[in-house]
file input.csv (CSV, C-alpha atoms)
chain,number,residue,atom,x,y,z
A,21,ASP,CA,47.0,-78.1,47.7
A,22,ALA,CA,47.9,-78.5,51.4
A,23,GLY,CA,49.3,-75.5,53.1
A,24,VAL,CA,52.2,-75.5,55.5
A,25,THR,CA,51.7,-78.1,58.2
A,26,GLN,CA,53.2,-78.1,61.7
A,27,SER,CA,53.3,-80.6,64.4
A,28,PRO,CA,52.6,-80.9,67.2
A,29,THR,CA,50.0,-78.1,67.6
A,30,HIS,CA,50.4,-77.9,71.4
A,31,LEU,CA,52.9,-79.4,73.8
A,32,ILE,CA,54.0,-79.0,77.4
A,33,LYS,CA,57.5,-79.6,78.6
A,34,THR,CA,59.4,-79.0,81.8
A,35,ARG,CA,62.6,-77.0,82.2
A,36,GLY,CA,65.7,-78.8,81.0
A,37,GLN,CA,63.9,-81.1,78.5
A,38,GLN,CA,64.4,-81.1,74.8
A,39,VAL,CA,61.7,-80.5,72.1
A,40,THR,CA,61.5,-81.2,68.4
A,41,LEU,CA,59.0,-79.3,66.2
A,42,ARG,CA,58.2,-80.4,62.7
A,43,CYS,CA,57.2,-78.5,59.6
A,44,SER,CA,56.1,-79.6,56.1
A,45,PRO,CA,56.3,-76.8,53.5
A,46,ILE,CA,53.9,-76.2,50.6
A,47,SER,CA,54.7,-78.6,47.7
A,48,GLY,CA,57.4,-77.0,45.5
A,49,HIS,CA,58.6,-74.6,48.2
A,50,LYS,CA,62.3,-75.0,48.8
A,51,SER,CA,62.8,-72.5,51.6
A,52,VAL,CA,61.7,-72.9,55.2
A,53,SER,CA,62.0,-70.3,57.9
A,54,TRP,CA,61.3,-70.6,61.7
A,55,TYR,CA,60.0,-67.8,63.9
A,56,GLN,CA,59.4,-67.6,67.7
A,57,GLN,CA,56.5,-65.4,68.8
A,58,VAL,CA,56.1,-64.6,72.4
A,59,LEU,CA,52.7,-63.4,73.5
A,60,GLY,CA,52.1,-59.8,72.5
A,61,GLN,CA,55.2,-59.5,70.4
A,62,GLY,CA,56.0,-59.9,66.7
A,63,PRO,CA,57.6,-63.0,65.3
A,64,GLN,CA,61.3,-63.2,65.9
A,65,PHE,CA,63.5,-64.8,63.2
A,66,ILE,CA,65.3,-68.0,64.3
A,67,PHE,CA,66.5,-69.8,61.1
A,68,GLN,CA,66.1,-69.9,57.4
A,69,TYR,CA,66.9,-72.9,55.2
A,70,TYR,CA,67.1,-73.1,51.5
A,71,GLU,CA,67.8,-76.3,49.6
A,72,LYS,CA,68.9,-78.0,52.8
A,73,GLU,CA,71.5,-75.3,53.6
A,74,GLU,CA,71.2,-72.8,56.4
A,75,ARG,CA,70.8,-69.4,54.8
A,76,GLY,CA,70.3,-67.3,57.9
A,77,ARG,CA,70.3,-67.4,61.7
A,78,GLY,CA,68.7,-65.0,64.2
A,79,ASN,CA,70.0,-64.0,67.6
A,80,PHE,CA,69.2,-67.2,69.4
A,81,PRO,CA,71.5,-69.3,71.6
A,82,ASP,CA,73.1,-72.6,70.4
A,83,ARG,CA,70.4,-74.5,72.2
A,84,PHE,CA,68.3,-73.8,69.1
A,85,SER,CA,69.1,-75.9,66.1
A,86,ALA,CA,67.4,-76.9,62.9
A,87,ARG,CA,67.7,-78.9,59.7
A,88,GLN,CA,66.0,-79.3,56.4
A,89,PHE,CA,65.6,-82.7,54.8
A,90,PRO,CA,65.8,-83.7,51.1
A,91,ASN,CA,62.0,-83.4,50.8
A,92,TYR,CA,62.3,-79.8,52.1
A,93,SER,CA,60.5,-80.6,55.4
A,94,SER,CA,62.3,-79.2,58.5
A,95,GLU,CA,62.7,-79.7,62.2
A,96,LEU,CA,63.5,-77.2,64.9
A,97,ASN,CA,65.2,-78.5,68.0
A,98,VAL,CA,65.5,-76.7,71.3
A,99,ASN,CA,67.6,-78.2,74.1
A,100,ALA,CA,67.7,-77.5,77.8
A,101,LEU,CA,64.4,-75.7,77.7
A,102,LEU,CA,63.9,-72.6,79.8
A,103,LEU,CA,60.7,-71.0,81.0
A,104,GLY,CA,61.4,-68.2,78.5
A,105,ASP,CA,61.2,-70.6,75.6
A,106,SER,CA,57.4,-70.7,76.0
A,107,ALA,CA,56.0,-69.3,72.8
A,108,LEU,CA,54.3,-70.0,69.5
A,109,TYR,CA,56.8,-71.4,67.1
A,110,LEU,CA,55.9,-70.6,63.5
A,111,CYS,CA,57.2,-72.2,60.4
A,112,ALA,CA,56.9,-70.5,57.0
A,113,SER,CA,57.8,-71.6,53.5
A,114,THR,CA,58.5,-69.7,50.3
A,115,PRO,CA,59.6,-70.7,46.8
A,116,ASN,CA,62.8,-68.7,47.2
A,117,VAL,CA,62.4,-65.1,48.4
A,118,GLY,CA,59.4,-62.9,49.0
A,119,GLU,CA,56.0,-63.8,50.4
A,120,LEU,CA,56.0,-66.2,53.4
A,121,PHE,CA,53.3,-68.8,53.8
A,122,PHE,CA,52.8,-69.7,57.4
A,123,GLY,CA,51.6,-72.7,59.2
A,124,GLU,CA,49.3,-72.4,62.3
A,125,GLY,CA,52.2,-72.9,64.7
A,126,SER,CA,53.3,-75.1,67.5
A,127,ARG,CA,52.5,-73.7,71.0
A,128,LEU,CA,55.1,-74.7,73.4
A,129,THR,CA,54.6,-74.3,77.2
A,130,VAL,CA,57.6,-74.8,79.4
A,131,LEU,CA,56.8,-75.5,83.1
B,1065,SER,CA,65.8,-57.8,67.2
B,1066,GLN,CA,62.9,-56.0,65.5
B,1067,GLN,CA,63.5,-54.2,62.2
B,1068,GLY,CA,60.1,-52.5,61.9
B,1069,GLU,CA,58.1,-50.6,64.4
B,1070,GLU,CA,54.4,-50.3,63.9
B,1071,ASP,CA,52.4,-47.4,65.2
B,1072,PRO,CA,50.0,-47.3,66.9
B,1073,GLN,CA,50.4,-50.4,69.1
B,1074,ALA,CA,46.7,-50.7,69.4
B,1075,LEU,CA,43.8,-49.1,67.5
B,1076,SER,CA,40.0,-49.3,68.0
B,1077,ILE,CA,37.6,-47.9,65.4
B,1078,GLN,CA,34.0,-48.2,64.5
B,1079,GLU,CA,32.9,-50.6,61.8
B,1080,GLY,CA,32.8,-48.8,58.4
B,1081,GLU,CA,35.6,-46.4,59.3
B,1082,ASN,CA,39.1,-46.5,57.8
B,1083,ALA,CA,42.1,-47.8,59.7
B,1084,THR,CA,45.6,-46.6,59.2
B,1085,MET,CA,48.7,-48.2,60.6
B,1086,ASN,CA,52.3,-47.1,60.1
B,1087,CYS,CA,55.6,-48.9,60.1
B,1088,SER,CA,59.1,-47.5,60.4
B,1089,TYR,CA,62.2,-49.4,59.7
B,1090,LYS,CA,65.9,-48.9,60.1
B,1091,THR,CA,68.0,-50.2,57.2
B,1092,SER,CA,67.7,-50.3,53.4
B,1093,ILE,CA,65.2,-52.9,52.2
B,1094,ASN,CA,64.4,-54.9,49.1
B,1095,ASN,CA,60.7,-55.3,49.9
B,1096,LEU,CA,58.2,-54.5,52.6
B,1097,GLN,CA,55.3,-56.7,53.4
B,1098,TRP,CA,52.2,-56.6,55.6
B,1099,TYR,CA,50.7,-59.6,57.3
B,1100,ARG,CA,47.6,-60.2,59.4
B,1101,GLN,CA,47.4,-62.5,62.4
B,1102,ASN,CA,44.1,-63.6,64.0
B,1103,SER,CA,44.6,-64.4,67.7
B,1104,GLY,CA,47.1,-67.1,68.2
B,1105,ARG,CA,47.0,-68.3,64.6
B,1106,GLY,CA,49.5,-68.3,61.8
B,1107,LEU,CA,50.2,-65.1,59.8
B,1108,VAL,CA,48.5,-64.4,56.5
B,1109,HIS,CA,50.3,-62.4,53.8
B,1110,LEU,CA,48.4,-59.3,52.7
B,1111,ILE,CA,50.5,-57.3,50.3
B,1112,LEU,CA,54.1,-56.9,49.2
B,1113,ILE,CA,55.5,-53.6,48.0
B,1114,ARG,CA,59.0,-53.4,46.4
B,1115,SER,CA,61.5,-50.7,47.2
B,1116,ASN,CA,61.0,-49.0,43.8
B,1117,GLU,CA,57.2,-48.7,44.3
B,1118,ARG,CA,55.5,-46.0,46.2
B,1119,GLU,CA,51.9,-47.2,46.4
B,1120,LYS,CA,50.0,-50.4,45.9
B,1121,HIS,CA,46.4,-51.5,46.2
B,1122,SER,CA,44.7,-54.8,46.9
B,1123,GLY,CA,40.9,-54.7,47.4
B,1124,ARG,CA,40.3,-52.6,50.5
B,1125,LEU,CA,44.0,-52.3,51.3
B,1126,ARG,CA,46.3,-49.5,50.3
B,1127,VAL,CA,50.0,-49.5,51.1
B,1128,THR,CA,52.4,-46.7,50.7
B,1129,LEU,CA,56.2,-46.8,50.9
B,1130,ASP,CA,58.5,-43.9,51.5
B,1131,THR,CA,62.1,-45.1,51.3
B,1132,SER,CA,63.5,-41.7,52.1
B,1133,LYS,CA,61.7,-41.7,55.4
B,1134,LYS,CA,62.1,-45.5,55.9
B,1135,SER,CA,58.3,-45.8,56.5
B,1136,SER,CA,55.2,-47.4,55.2
B,1137,SER,CA,51.5,-47.2,55.9
B,1138,LEU,CA,48.7,-49.6,55.6
B,1139,LEU,CA,45.2,-48.3,55.1
B,1140,ILE,CA,42.1,-50.5,55.4
B,1141,THR,CA,39.0,-48.8,54.0
B,1142,ALA,CA,35.4,-49.5,55.1
B,1143,SER,CA,36.5,-51.7,58.0
B,1144,ARG,CA,34.6,-54.8,59.0
B,1145,ALA,CA,34.4,-56.9,62.1
B,1146,ALA,CA,36.4,-59.6,60.4
B,1147,ASP,CA,39.3,-57.1,60.1
B,1148,THR,CA,39.9,-57.4,63.9
B,1149,ALA,CA,43.4,-58.8,64.1
B,1150,SER,CA,47.0,-57.9,64.6
B,1151,TYR,CA,48.9,-56.4,61.7
B,1152,PHE,CA,52.6,-56.7,61.2
B,1153,CYS,CA,55.0,-55.1,58.7
B,1154,ALA,CA,58.0,-57.2,57.6
B,1155,THR,CA,61.1,-56.1,55.8
B,1156,ASP,CA,63.8,-58.0,53.9
B,1157,ALA,CA,67.2,-56.5,53.3
B,1158,TRP,CA,70.3,-57.7,51.5
B,1159,ASP,CA,70.5,-61.0,53.4
B,1160,ASP,CA,66.9,-61.9,52.4
B,1161,LYS,CA,65.9,-62.5,56.1
B,1162,ILE,CA,62.4,-61.3,56.7
B,1163,ILE,CA,62.2,-59.4,59.9
B,1164,PHE,CA,58.9,-58.5,61.6
B,1165,GLY,CA,57.8,-55.5,63.7
B,1166,LYS,CA,55.9,-55.7,67.0
B,1167,GLY,CA,52.5,-55.2,65.3
B,1168,THR,CA,49.4,-53.1,65.6
B,1169,ARG,CA,46.4,-54.7,67.3
B,1170,LEU,CA,43.3,-53.5,65.5
B,1171,HIS,CA,39.8,-53.9,67.0
B,1172,ILE,CA,36.7,-53.1,65.0
B,1173,LEU,CA,33.8,-52.0,67.2
B,1174,PRO,CA,30.3,-53.0,66.0

call {"tool": "encode", "arguments": {"input": "input.csv", "output": "structure tokens"}}
result
Amino acid sequence: DAGVTQSPTHLIKTRGQQVTLRCSPISGHKSVSWYQQVLGQGPQFIFQYYEKEERGRGNFPDRFSARQFPNYSSELNVNALLLGDSALYLCASTPNVGELFFGEGSRLTVL
Amino acid sequence: SQQGEEDPQALSIQEGENATMNCSYKTSINNLQWYRQNSGRGLVHLILIRSNEREKHSGRLRVTLDTSKKSSSLLITASRAADTASYFCATDAWDDKIIFGKGTRLHILP
């Protein structure tokens, strides 16, 4: 079975631009969570979706938004990019609660 | 914000020695989990311990949980070069959000 897949793996944007990151969960997993990991820090919780509904939101500005589709895949959008948004963005899926299964991440560099 | 705080921030030991990492957290939890991350990669789940459990084993891993002290420890026995990685504790509370600590960077010396 395929694990969690994320795309793109790397991308470079300039300040003020917008970015969309994509995530496909493990087959059968209905919950997707997004994390931001700045170099040298632990993952910071951004969003959790379950059955297409937002279940939780972390302490991030409204420039960050996400959605989950009927096939349980998810997108994370970040508008008006800042230099500080440069990070590894991790997607994780889970059947409902408990163990998270992570993808390899999308590394975003904002210039 | 971080819920858990790992200690130490960094640890270097000789191959074959045991490595112990600690995690403290602030609020009541349902479960506590430990994850490993190789440099710049995705996180890999190691072990989950429930709030009503005190100790759990998985291969060379031993996890303890003390809910009265709001702390957990991860012991890796007979360390190997492949254990070099960052280790994170993660807690989930009443709202099921899983929150990670800042991690311990473990380096196994040959």

call {"tool": "interface_residues", "arguments": {"input": "input.csv", "of": "chain B", "to": "chain A", "cutoff": "6 Å", "atoms": "all atoms listed in the file", "output": "PyMOL selection string"}}
result
chain B and resi 1105-1107+1164-1166

call {"tool": "atom_distance", "arguments": {"input": "input.csv", "atom1": "atom CA of A:His49", "atom2": "atom CA of B:Leu1138"}}
result
27.9 Å

call {"tool": "residues_around", "arguments": {"input": "input.csv", "residues": "B:Ser1150", "least_positions_apart": "2", "cutoff": "8 Å", "atoms": "only C-alpha atoms", "output": "list of chain:residue names"}}
result
B:Arg1100, B:Gln1101, B:Asn1102, B:Ser1103, B:Thr1148, B:Phe1152, B:Gly1167, B:Thr1168, B:Arg1169, B:Leu1170

call {"tool": "residues_around", "arguments": {"input": "input.csv", "residues": "stretch 92-101 of chain A", "least_positions_apart": "3", "cutoff": "6 Å", "atoms": "all atoms listed in the file", "output": "VMD selection string"}}
result
chain A and resid 35 to 45 50 83 to 89

call {"tool": "atom_distance", "arguments": {"input": "input.csv", "atom1": "atom CA of B:Lys1134", "atom2": "atom CA of B:Asn1086"}}
result
10.8 Å

call {"tool": "atom_distance", "arguments": {"input": "input.csv", "atom1": "atom CA of B:Glu1069", "atom2": "atom CA of B:Ala1154"}}
result
9.5 Å

call {"tool": "closest_residue", "arguments": {"input": "input.csv", "among": "B:Leu1075, B:Leu1139, B:Leu1125, B:Leu1110", "to": "B:Leu1096", "atoms": "all atoms listed in the file"}}
result
B:Leu1110

call {"tool": "closest_residue", "arguments": {"input": "input.csv", "among": "B:Ser1122, B:Ala1149, B:Tyr1089, B:Thr1155", "to": "B:Gly1104", "atoms": "only C-alpha atoms"}}
result
B:Ala1149

call {"tool": "residues_around", "arguments": {"input": "input.csv", "residues": "B:Trp1158", "least_positions_apart": "4", "cutoff": "12 Å", "atoms": "all atoms listed in the file", "output": "list in words"}}
result
Gly76 and Val117 of chain A; Thr1091, Ser1092, Ile1093, Asn1094, Asn1095, Ile1162 and Ile1163 of chain B

call {"tool": "residues_near_point", "arguments": {"input": "input.csv", "point": "(34.7, -49.6, 66.1)", "cutoff": "10 Å", "atoms": "only C-alpha atoms", "output": "PyMOL selection string"}}
result
chain B and resi 1075-1083+1143-1145+1148+1170-1174

call {"tool": "closest_residue", "arguments": {"input": "input.csv", "among": "A:Val130, A:Val52, A:Val58, A:Ile46", "to": "A:Glu71", "atoms": "all atoms listed in the file"}}
result
A:Val52

call {"tool": "decode", "arguments": {"input": "input.csv", "residues": "stretch 84-95 of chain A", "atoms": "all heavy atoms", "output": "short mmCIF file (atom, residue, chain, number, x, y, z; two decimals), in the first residue's frame"}}
result
data_model
loop_
_atom_site.label_atom_id
_atom_site.label_comp_id
_atom_site.auth_asym_id
_atom_site.auth_seq_id
_atom_site.Cartn_x
_atom_site.Cartn_y
_atom_site.Cartn_z
N PHE A 84 -3.29 31.17 6.09
CA PHE A 84 -3.23 29.72 5.97
C PHE A 84 -4.66 29.18 5.91
O PHE A 84 -5.51 29.50 6.75
CB PHE A 84 -2.51 29.09 7.16
CG PHE A 84 -1.03 29.35 7.18
CD1 PHE A 84 -0.53 30.57 7.56
CD2 PHE A 84 -0.15 28.34 6.84
CE1 PHE A 84 0.84 30.81 7.58
CE2 PHE A 84 1.22 28.55 6.86
CZ PHE A 84 1.72 29.80 7.23
N SER A 85 -4.92 28.37 4.90
CA SER A 85 -6.23 27.73 4.79
C SER A 85 -6.04 26.33 4.23
O SER A 85 -4.99 26.01 3.64
CB SER A 85 -7.17 28.53 3.89
OG SER A 85 -6.66 28.60 2.57
N ALA A 86 -7.01 25.49 4.42
CA ALA A 86 -6.92 24.12 3.93
C ALA A 86 -8.31 23.60 3.62
O ALA A 86 -9.32 24.20 4.00
CB ALA A 86 -6.24 23.22 4.97
N ARG A 87 -8.33 22.50 2.93
CA ARG A 87 -9.59 21.81 2.69
C ARG A 87 -9.31 20.34 2.45
O ARG A 87 -8.19 19.96 2.09
CB ARG A 87 -10.34 22.42 1.50
CG ARG A 87 -9.55 22.50 0.21
CD ARG A 87 -10.39 23.11 -0.90
NE ARG A 87 -9.62 23.30 -2.12
CZ ARG A 87 -10.17 23.61 -3.29
NH1 ARG A 87 -11.49 23.76 -3.40
NH2 ARG A 87 -9.41 23.77 -4.36
N GLN A 88 -10.37 19.54 2.62
CA GLN A 88 -10.27 18.11 2.37
C GLN A 88 -11.34 17.74 1.36
O GLN A 88 -12.50 18.18 1.47
CB GLN A 88 -10.44 17.31 3.67
CG GLN A 88 -10.18 15.82 3.48
CD GLN A 88 -10.27 15.05 4.79
OE1 GLN A 88 -11.04 15.40 5.68
NE2 GLN A 88 -9.50 13.98 4.90
N PHE A 89 -10.97 16.92 0.42
CA PHE A 89 -11.86 16.56 -0.67
C PHE A 89 -12.60 15.25 -0.37
O PHE A 89 -12.23 14.53 0.56
CB PHE A 89 -11.05 16.44 -1.96
CG PHE A 89 -10.38 17.73 -2.35
CD1 PHE A 89 -9.05 17.96 -2.06
CD2 PHE A 89 -11.11 18.74 -2.99
CE1 PHE A 89 -8.44 19.16 -2.40
CE2 PHE A 89 -10.50 19.93 -3.33
CZ PHE A 89 -9.17 20.14 -3.04
N PRO A 90 -13.64 14.93 -1.17
CA PRO A 90 -14.39 13.69 -0.93
C PRO A 90 -13.53 12.44 -0.93
O PRO A 90 -13.88 11.46 -0.27
CB PRO A 90 -15.42 13.67 -2.07
CG PRO A 90 -15.65 15.12 -2.38
CD PRO A 90 -14.30 15.77 -2.20
N ASN A 91 -12.41 12.44 -1.65
CA ASN A 91 -11.53 11.26 -1.64
C ASN A 91 -10.53 11.32 -0.48
O ASN A 91 -9.60 10.52 -0.43
CB ASN A 91 -10.81 11.11 -2.98
CG ASN A 91 -9.83 12.25 -3.24
OD1 ASN A 91 -9.77 13.23 -2.47
ND2 ASN A 91 -9.07 12.14 -4.31
N TYR A 92 -10.71 12.28 0.42
CA TYR A 92 -9.90 12.47 1.63
C TYR A 92 -8.54 13.10 1.38
O TYR A 92 -7.81 13.35 2.35
CB TYR A 92 -9.77 11.18 2.45
CG TYR A 92 -11.10 10.60 2.84
CD1 TYR A 92 -11.54 9.40 2.29
CD2 TYR A 92 -11.93 11.29 3.72
CE1 TYR A 92 -12.79 8.89 2.62
CE2 TYR A 92 -13.19 10.78 4.05
CZ TYR A 92 -13.60 9.58 3.49
OH TYR A 92 -14.84 9.08 3.80
N SER A 93 -8.18 13.38 0.13
CA SER A 93 -6.96 14.13 -0.11
C SER A 93 -7.17 15.56 0.40
O SER A 93 -8.30 15.98 0.68
CB SER A 93 -6.60 14.13 -1.60
OG SER A 93 -7.56 14.84 -2.35
N SER A 94 -6.07 16.28 0.52
CA SER A 94 -6.16 17.60 1.13
C SER A 94 -5.21 18.57 0.46
O SER A 94 -4.21 18.18 -0.13
CB SER A 94 -5.83 17.49 2.63
OG SER A 94 -5.87 18.76 3.27
N GLU A 95 -5.55 19.83 0.54
CA GLU A 95 -4.67 20.91 0.09
C GLU A 95 -4.48 21.91 1.22
O GLU A 95 -5.42 22.19 1.98
CB GLU A 95 -5.30 21.65 -1.11
CG GLU A 95 -5.26 20.90 -2.40
CD GLU A 95 -5.84 21.72 -3.56
OE1 GLU A 95 -6.40 22.80 -3.31
OE2 GLU A 95 -5.71 21.25 -4.70
#
